[in-house]
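File shown: final35.txt. Contents: compact mmCIF, C-alpha atoms.
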# COMPACT_ATOMS: atom_id res chain seq x y z
CA MET A 72 -4.73 9.42 -55.28
CA THR A 73 -4.77 11.84 -52.35
CA SER A 74 -8.24 12.46 -50.98
CA PRO A 75 -9.54 16.05 -50.65
CA LYS A 76 -9.69 15.56 -46.88
CA LYS A 77 -6.06 14.47 -46.60
CA ALA A 78 -5.00 17.25 -48.93
CA LEU A 79 -6.85 19.79 -46.78
CA ILE A 80 -5.16 18.48 -43.63
CA ALA A 81 -1.74 18.71 -45.29
CA VAL A 82 -2.38 22.25 -46.51
CA THR A 83 -3.69 23.31 -43.09
CA LEU A 84 -0.65 21.90 -41.29
CA SER A 85 1.72 23.57 -43.76
CA ALA A 86 -0.04 26.91 -43.39
CA LEU A 87 0.15 26.69 -39.59
CA PHE A 88 3.89 26.02 -39.65
CA ILE A 89 4.59 28.86 -42.09
CA ALA A 90 2.40 31.42 -40.31
CA ALA A 91 3.53 30.58 -36.78
CA CYS A 92 7.25 29.96 -37.25
CA ALA A 93 9.27 32.00 -34.75
CA THR A 94 12.63 32.07 -32.97
CA SER A 95 13.28 31.86 -29.23
CA PRO A 96 15.64 34.23 -27.34
CA THR A 97 18.52 31.77 -27.80
CA GLY A 98 17.79 31.12 -31.48
CA ARG A 99 15.72 27.93 -31.28
CA SER A 100 12.89 27.47 -33.77
CA GLN A 101 9.42 27.71 -32.25
CA LEU A 102 5.85 27.24 -33.34
CA LYS A 103 3.56 29.88 -31.81
CA LEU A 104 -0.13 29.80 -32.69
CA TYR A 105 -1.43 31.96 -29.83
CA SER A 106 -1.22 35.72 -29.23
CA LYS A 107 0.29 37.24 -26.09
CA GLY A 108 -3.16 38.49 -25.14
CA GLN A 109 -4.60 35.00 -25.33
CA LEU A 110 -1.76 33.62 -23.22
CA ALA A 111 -2.15 36.38 -20.62
CA ASP A 112 -5.87 35.59 -20.33
CA MET A 113 -5.13 31.88 -19.92
CA GLY A 114 -2.48 32.66 -17.31
CA ALA A 115 -4.83 34.89 -15.32
CA GLN A 116 -7.61 32.31 -15.36
CA ALA A 117 -5.27 29.52 -14.29
CA PHE A 118 -3.78 31.65 -11.50
CA ASP A 119 -7.20 32.66 -10.17
CA GLY A 120 -8.20 29.01 -10.10
CA MET A 121 -5.09 28.07 -8.14
CA LYS A 122 -5.67 30.85 -5.61
CA SER A 123 -9.19 29.58 -5.08
CA ASN A 124 -8.24 25.93 -4.70
CA GLN A 125 -4.92 26.01 -2.86
CA THR A 126 -3.87 27.28 0.55
CA ILE A 127 -2.04 30.61 0.48
CA SER A 128 0.73 31.23 2.99
CA LYS A 129 -0.03 33.82 5.65
CA LYS A 130 3.49 34.05 7.07
CA PRO A 131 4.62 37.69 6.63
CA VAL A 132 8.38 37.06 6.81
CA GLU A 133 8.18 34.19 4.34
CA ASN A 134 6.10 36.23 1.91
CA GLN A 135 8.36 39.26 2.21
CA PHE A 136 11.44 37.14 1.51
CA VAL A 137 9.97 35.67 -1.68
CA SER A 138 8.53 39.04 -2.77
CA CYS A 139 11.90 40.73 -2.32
CA ILE A 140 13.54 38.21 -4.66
CA ALA A 141 10.73 38.29 -7.23
CA ASP A 142 10.73 42.10 -7.31
CA ALA A 143 14.48 42.23 -7.96
CA LEU A 144 14.11 39.77 -10.84
CA THR A 145 11.03 41.23 -12.52
CA LYS A 146 12.61 44.68 -12.68
CA ASN A 147 14.94 43.20 -15.27
CA VAL A 148 12.24 41.57 -17.41
CA PRO A 149 11.74 43.44 -20.72
CA ASP A 150 8.51 45.43 -21.02
CA SER A 151 7.84 43.58 -24.26
CA VAL A 152 7.31 40.45 -22.16
CA TYR A 153 5.09 42.12 -19.56
CA ASP A 154 4.86 45.80 -18.66
CA GLY A 155 2.47 45.62 -15.72
CA GLU A 156 2.88 44.83 -12.04
CA TRP A 157 3.74 41.20 -11.40
CA GLU A 158 1.53 39.28 -8.98
CA LEU A 159 3.24 36.87 -6.57
CA VAL A 160 1.55 34.28 -4.37
CA VAL A 161 3.28 31.92 -1.93
CA PHE A 162 1.30 28.69 -1.65
CA ASP A 163 1.46 26.75 1.62
CA ASP A 164 2.34 23.36 0.20
CA GLU A 165 5.27 20.98 0.76
CA GLN A 166 5.96 20.40 -2.93
CA VAL A 167 9.35 21.68 -4.08
CA ASN A 168 8.25 23.85 -6.96
CA ALA A 169 7.52 27.28 -8.38
CA PHE A 170 6.03 28.58 -11.62
CA ALA A 171 5.47 31.72 -13.66
CA LEU A 172 2.60 32.35 -16.06
CA PRO A 173 2.08 34.76 -18.96
CA GLY A 174 0.47 37.98 -17.82
CA GLY A 175 2.83 38.56 -14.89
CA LYS A 176 1.92 35.75 -12.46
CA ILE A 177 4.38 33.97 -10.15
CA GLY A 178 3.66 31.15 -7.70
CA VAL A 179 6.09 29.69 -5.17
CA TYR A 180 5.43 26.69 -2.93
CA THR A 181 6.73 26.74 0.63
CA GLY A 182 8.37 23.35 0.14
CA LEU A 183 10.85 25.01 -2.21
CA LEU A 184 12.06 27.23 0.63
CA GLU A 185 13.43 24.14 2.37
CA VAL A 186 15.61 23.26 -0.62
CA ALA A 187 16.59 26.74 -1.87
CA GLN A 188 18.82 27.66 1.06
CA ASN A 189 19.30 31.37 0.39
CA GLN A 190 18.08 34.28 -1.72
CA HIS A 191 20.41 33.43 -4.59
CA GLN A 192 19.20 29.84 -4.91
CA LEU A 193 15.55 30.86 -4.80
CA ALA A 194 16.32 33.54 -7.40
CA ALA A 195 17.72 30.77 -9.64
CA VAL A 196 14.39 28.90 -9.51
CA ILE A 197 12.15 31.93 -9.95
CA GLY A 198 14.43 33.28 -12.67
CA HIS A 199 14.19 29.93 -14.45
CA GLU A 200 10.38 30.02 -14.29
CA ILE A 201 10.27 33.60 -15.58
CA GLY A 202 12.61 32.41 -18.33
CA HIS A 203 9.86 30.13 -19.57
CA VAL A 204 7.56 33.15 -19.88
CA ILE A 205 10.21 35.29 -21.61
CA ALA A 206 10.82 32.53 -24.16
CA GLU A 207 7.06 31.89 -24.57
CA HIS A 208 7.52 28.19 -23.95
CA GLY A 209 3.86 27.83 -22.97
CA ASN A 210 2.82 29.10 -26.38
CA ALA A 211 5.22 26.76 -28.16
CA ARG A 212 4.20 23.70 -26.12
CA MET A 213 0.48 24.26 -26.66
CA SER A 214 1.08 24.92 -30.35
CA ASN A 215 3.14 21.76 -30.77
CA THR A 216 0.54 19.71 -28.93
CA ALA A 217 -2.22 21.09 -31.16
CA VAL A 218 -0.34 20.32 -34.38
CA ILE A 219 0.77 16.85 -33.22
CA GLY A 220 -2.83 16.13 -32.24
CA MET A 221 -4.01 17.14 -35.71
CA GLY A 222 -1.36 14.96 -37.34
CA LEU A 223 -2.15 11.90 -35.22
CA LYS A 224 -5.87 12.35 -35.81
CA ALA A 225 -5.26 12.39 -39.56
CA VAL A 226 -3.15 9.21 -39.38
CA ASN A 227 -5.83 7.51 -37.28
CA GLU A 228 -8.52 8.37 -39.81
CA ILE A 229 -6.40 6.92 -42.62
CA LEU A 230 -5.74 3.71 -40.65
CA GLN A 231 -9.42 3.27 -39.81
CA ALA A 232 -10.57 4.03 -43.36
CA ASN A 233 -8.23 1.39 -44.76
CA GLN A 234 -9.02 -1.08 -41.96
CA VAL A 235 -5.36 -1.52 -41.06
CA ALA A 236 -4.87 -4.40 -38.64
CA TYR A 237 -3.97 -3.44 -35.07
CA SER A 238 -4.63 0.25 -35.79
CA ASN A 239 -5.11 1.02 -32.07
CA THR A 240 -1.71 -0.48 -31.28
CA ILE A 241 -0.09 1.52 -34.07
CA MET A 242 -1.72 4.73 -32.84
CA GLY A 243 -0.50 4.02 -29.33
CA ALA A 244 3.04 3.62 -30.62
CA LEU A 245 2.76 6.78 -32.73
CA GLY A 246 1.50 8.70 -29.72
CA MET A 247 4.40 7.56 -27.56
CA GLY A 248 6.81 8.15 -30.45
CA ALA A 249 5.61 11.72 -30.80
CA GLN A 250 5.90 12.24 -27.06
CA VAL A 251 9.38 10.75 -26.63
CA GLY A 252 10.73 11.75 -30.03
CA VAL A 253 9.26 15.23 -30.36
CA GLN A 254 7.68 16.61 -27.21
CA TYR A 255 10.14 15.30 -24.60
CA PRO A 256 13.28 16.58 -26.35
CA TYR A 257 11.54 19.88 -27.02
CA MET A 258 10.57 20.17 -23.36
CA ARG A 259 14.13 19.36 -22.30
CA GLY A 260 15.28 22.07 -24.69
CA ASP A 261 12.80 24.46 -23.06
CA GLU A 262 14.16 23.64 -19.61
CA SER A 263 17.76 24.16 -20.68
CA GLU A 264 16.86 27.45 -22.34
CA ALA A 265 14.98 28.61 -19.24
CA ASP A 266 18.08 27.78 -17.17
CA ILE A 267 20.18 30.04 -19.43
CA ILE A 268 17.65 32.89 -19.40
CA GLY A 269 17.14 32.52 -15.66
CA LEU A 270 20.89 32.63 -15.01
CA ASP A 271 21.16 35.79 -17.09
CA LEU A 272 18.19 37.32 -15.27
CA MET A 273 19.44 36.58 -11.76
CA ALA A 274 22.89 37.92 -12.65
CA ARG A 275 21.48 41.19 -14.00
CA ALA A 276 19.45 41.51 -10.80
CA GLY A 277 22.62 41.25 -8.70
CA PHE A 278 22.26 37.73 -7.33
CA GLU A 279 25.20 35.33 -7.16
CA PRO A 280 25.13 33.18 -10.35
CA SER A 281 27.23 30.32 -8.93
CA GLU A 282 24.47 29.56 -6.43
CA SER A 283 22.36 28.24 -9.31
CA VAL A 284 24.69 25.24 -9.44
CA GLU A 285 24.34 24.68 -5.70
CA LEU A 286 20.58 24.90 -6.07
CA TRP A 287 20.47 22.04 -8.58
CA LYS A 288 22.76 19.96 -6.38
CA ASN A 289 20.23 20.46 -3.58
CA MET A 290 17.36 19.60 -5.93
CA ASP A 291 19.11 16.38 -6.91
CA LYS A 292 19.53 15.42 -3.26
CA ALA A 293 15.89 16.26 -2.54
CA SER A 294 14.77 13.91 -5.32
CA GLY A 295 16.59 11.01 -3.70
CA GLY A 296 17.90 9.97 -7.10
CA ASN A 297 14.41 8.83 -8.07
CA ARG A 298 14.41 10.07 -11.66
CA PRO A 299 13.57 8.47 -15.02
CA ALA A 300 16.21 8.13 -17.74
CA GLU A 301 16.84 11.53 -19.33
CA PHE A 302 15.53 10.50 -22.77
CA MET A 303 12.21 9.57 -21.11
CA SER A 304 11.99 12.75 -19.06
CA THR A 305 10.72 16.22 -19.77
CA HIS A 306 13.65 17.69 -17.80
CA PRO A 307 17.40 17.38 -18.28
CA SER A 308 19.25 15.42 -15.61
CA PRO A 309 20.76 17.51 -12.77
CA THR A 310 24.23 16.69 -14.10
CA THR A 311 23.34 18.04 -17.53
CA ARG A 312 21.82 21.18 -16.03
CA ILE A 313 24.86 21.83 -13.87
CA GLU A 314 27.25 21.37 -16.82
CA ASN A 315 25.19 23.76 -18.94
CA LEU A 316 25.07 26.37 -16.18
CA GLN A 317 28.80 26.12 -15.54
CA SER A 318 29.51 26.70 -19.23
CA MET A 319 27.55 29.97 -19.04
CA MET A 320 29.02 31.08 -15.70
CA PRO A 321 31.79 33.43 -17.00
CA LYS A 322 29.25 35.61 -18.81
CA ALA A 323 26.87 35.51 -15.85
CA ASN A 324 29.60 36.56 -13.43
CA GLN A 325 30.40 39.54 -15.65
CA LEU A 326 26.76 40.62 -15.64
CA ALA A 327 26.52 40.22 -11.87
CA ALA A 328 29.64 42.32 -11.37
CA LYS A 329 28.03 45.15 -13.35
CA ALA A 330 24.75 45.04 -11.39
CA THR A 331 24.22 48.28 -9.48
CA ASP A 332 21.65 46.84 -7.08
CA LYS A 333 22.63 43.95 -4.83
CA PRO A 334 19.50 42.38 -3.28
CA ASN A 335 19.47 41.73 0.45
CA CYS A 336 16.45 39.48 0.91
CA LYS A 337 16.26 37.69 4.26
CA LYS A 338 13.99 34.99 5.63
As structure tokens, the full file:
Amino acid sequence: MTSPKKALIAVTLSALFIAACATSPTGRSQLKLYSKGQLADMGAQAFDGMKSNQTISKKPVENQFVSCIADALTKNVPDSVYDGEWELVVFDDEQVNAFALPGGKIGVYTGLLEVAQNQHQLAAVIGHEIGHVIAEHGNARMSNTAVIGMGLKAVNEILQANQVAYSNTIMGALGMGAQVGVQYPYMRGDESEADIIGLDLMARAGFEPSESVELWKNMDKASGGNRPAEFMSTHPSPTTRIENLQSMMPKANQLAAKATDKPNCKK
């Protein structure tokens, strides 16, 4: 017989899935438990914390170059995503990375400027990060983590209540199974979707779409080939990313050809 507690957990999980079921910009199913206002508040708090704890670049030319690219991209972001003024900060750090947060926040690390060799390649990275915001991947990831956590907690309680042998080992396997079987593929899907949205965004802004492929070739070289197997990684392999981008290139080139503004951002 099902206990009231297990029944309540099942009903709660079902209600969450039904109430929060949504579709991403490319038609993928998503679970979104948080409002845009909540996400914007989280983004602002996280960004303020980073500005307090990390070194901010004071190089005017460097900052102007990144700002020029970010401005061209954000002009093409729908108001439904964010209708305010985007805030950009260049962090003085050698890591090859960038990010965008809900609520109109963009961070770029100076190490990325060594790998992204021109305005188009940097636009591919920033466009990709904005793509995550447009598709509300942060919302989906936090929502999935919350639901998986509830599910694993319920299983753990059942194992402990029935004194199942090696319950800790089983929970460890379930945790890894959820991560590799559910979260990792979903994260790889997020990355591929952000590539598509970012390519579309950079093309509409007038950047050269084909440079996105060159960017990922550079990123692969910068990694030194030190990557985990794709099924154990949260990101697609560079080869997969390049193939996906190339398949979308005809449409992107058409959008770029129609762009009325051609950015001229210089280091």
Exercise for review: In Å, rounded to a single decimal, give me how far CA of Tyr105 in chain A is from CA of Ser214 in chain A.
Suggested key: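 Taking CA of Ser214 in chain A and CA of Tyr105 in chain A, their separation equals 7.5 Å.
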Review point. If you measure from CA of Lys338 in chain A to CA of Val132 in chain A, what distance in Å do you get, rounded to one decimal?
Key: 6.1 Å
Exercise for review: Return the single residue from A:Thr216, A:Thr181, A:Gln166, A:Asn324 that is closest to Val137 in chain A, with distances computed using all atoms listed in the file.
Suggested key: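 Answer, going by the shortest atom-to-atom distance: A:Thr181.
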Practice item. Would you mind reading off the distance between CA of Ala328 in chain A and CA of His208 in chain A, one decimal, in Å? Key: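 CA of Ala328 in chain A sits 29.1 Å away from CA of His208 in chain A.
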Practice item. Could you give me, as a count of residues only, the residues within 12 Å of Val284 in chain A, counting all atoms listed in the file and dropping anything in the same chain fewer than 4 positions from it? Key: 28
Check your understanding: Which residues come within 10 Å of Lys130 in chain A, counting all atoms listed in the file, excluding same-chain residues fewer than 5 positions away, as a list in words?
Key ->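 Residues meeting the cut-off are Gln135, Val161 and Asp163 of chain A.
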Pick out the residues sitting within 10 Å of Tyr153 in chain A, and hand them over as a PDB file with C-alpha atoms, in the coordinates of the input; count only C-alpha atoms, and ignore anything fewer than 5 positions along from it in its own chain.
ATOM      1  CA  LYS A 107       0.290  37.240 -26.090  1.00  0.00           C
ATOM      2  CA  ALA A 111      -2.150  36.380 -20.620  1.00  0.00           C
ATOM      3  CA  THR A 145      11.030  41.230 -12.520  1.00  0.00           C
ATOM      4  CA  VAL A 148      12.240  41.570 -17.410  1.00  0.00           C
ATOM      5  CA  PRO A 173       2.080  34.760 -18.960  1.00  0.00           C
ATOM      6  CA  GLY A 174       0.470  37.980 -17.820  1.00  0.00           C
ATOM      7  CA  GLY A 175       2.830  38.560 -14.890  1.00  0.00           C
ATOM      8  CA  VAL A 204       7.560  33.150 -19.880  1.00  0.00           C
ATOM      9  CA  ILE A 205      10.210  35.290 -21.610  1.00  0.00           C
TER      10      ILE A 205
END
Exercise for review: Using only C-alpha atoms, pick whichever of A:Val179, A:Val160, A:Cys139, A:Val186 has the shortest atom-to-atom distance to Lys292 in chain A.
Suggested key: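 Selected residue with least distance to Lys292 in chain A: A:Val186.
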**Study point:** From A:Asp150, A:Asn215, A:Ile127, A:Glu200, residue lying nearest Phe170 in chain A [all atoms listed in the file]
**Key:**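 Ranked by minimum distance to Phe170 in chain A, first place goes to A:Glu200.
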**Study point:** Nearest to Glu285 in chain A by atom-to-atom distance, counting all atoms listed in the file, from A:Gln188, A:Tyr180, A:Phe136, A:Ala206
**Key:**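 Counting all atoms listed in the file, the residue closest to Glu285 in chain A is A:Gln188.
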Review point. Near Ile197 in chain A, within 8 Å and counting only C-alpha atoms, which residues show up once chain neighbours fewer than 5 positions away are dropped, as a list in words?
Key: Ala141, Ala169, Phe170, Ala171 and Gly269 of chain A
Exercise for review: Give as JSON, numbers by chain the set of residues within 10 Å of the point (18.8, 40.6, -9.3), where distances use the file's coordinates and only C-alpha atoms.
Suggested key: {"A": [139, 140, 141, 142, 143, 144, 145, 146, 147, 190, 191, 194, 195, 198, 271, 272, 273, 274, 275, 276, 277, 278, 279, 280, 327, 330, 331, 332, 333, 334, 335]}
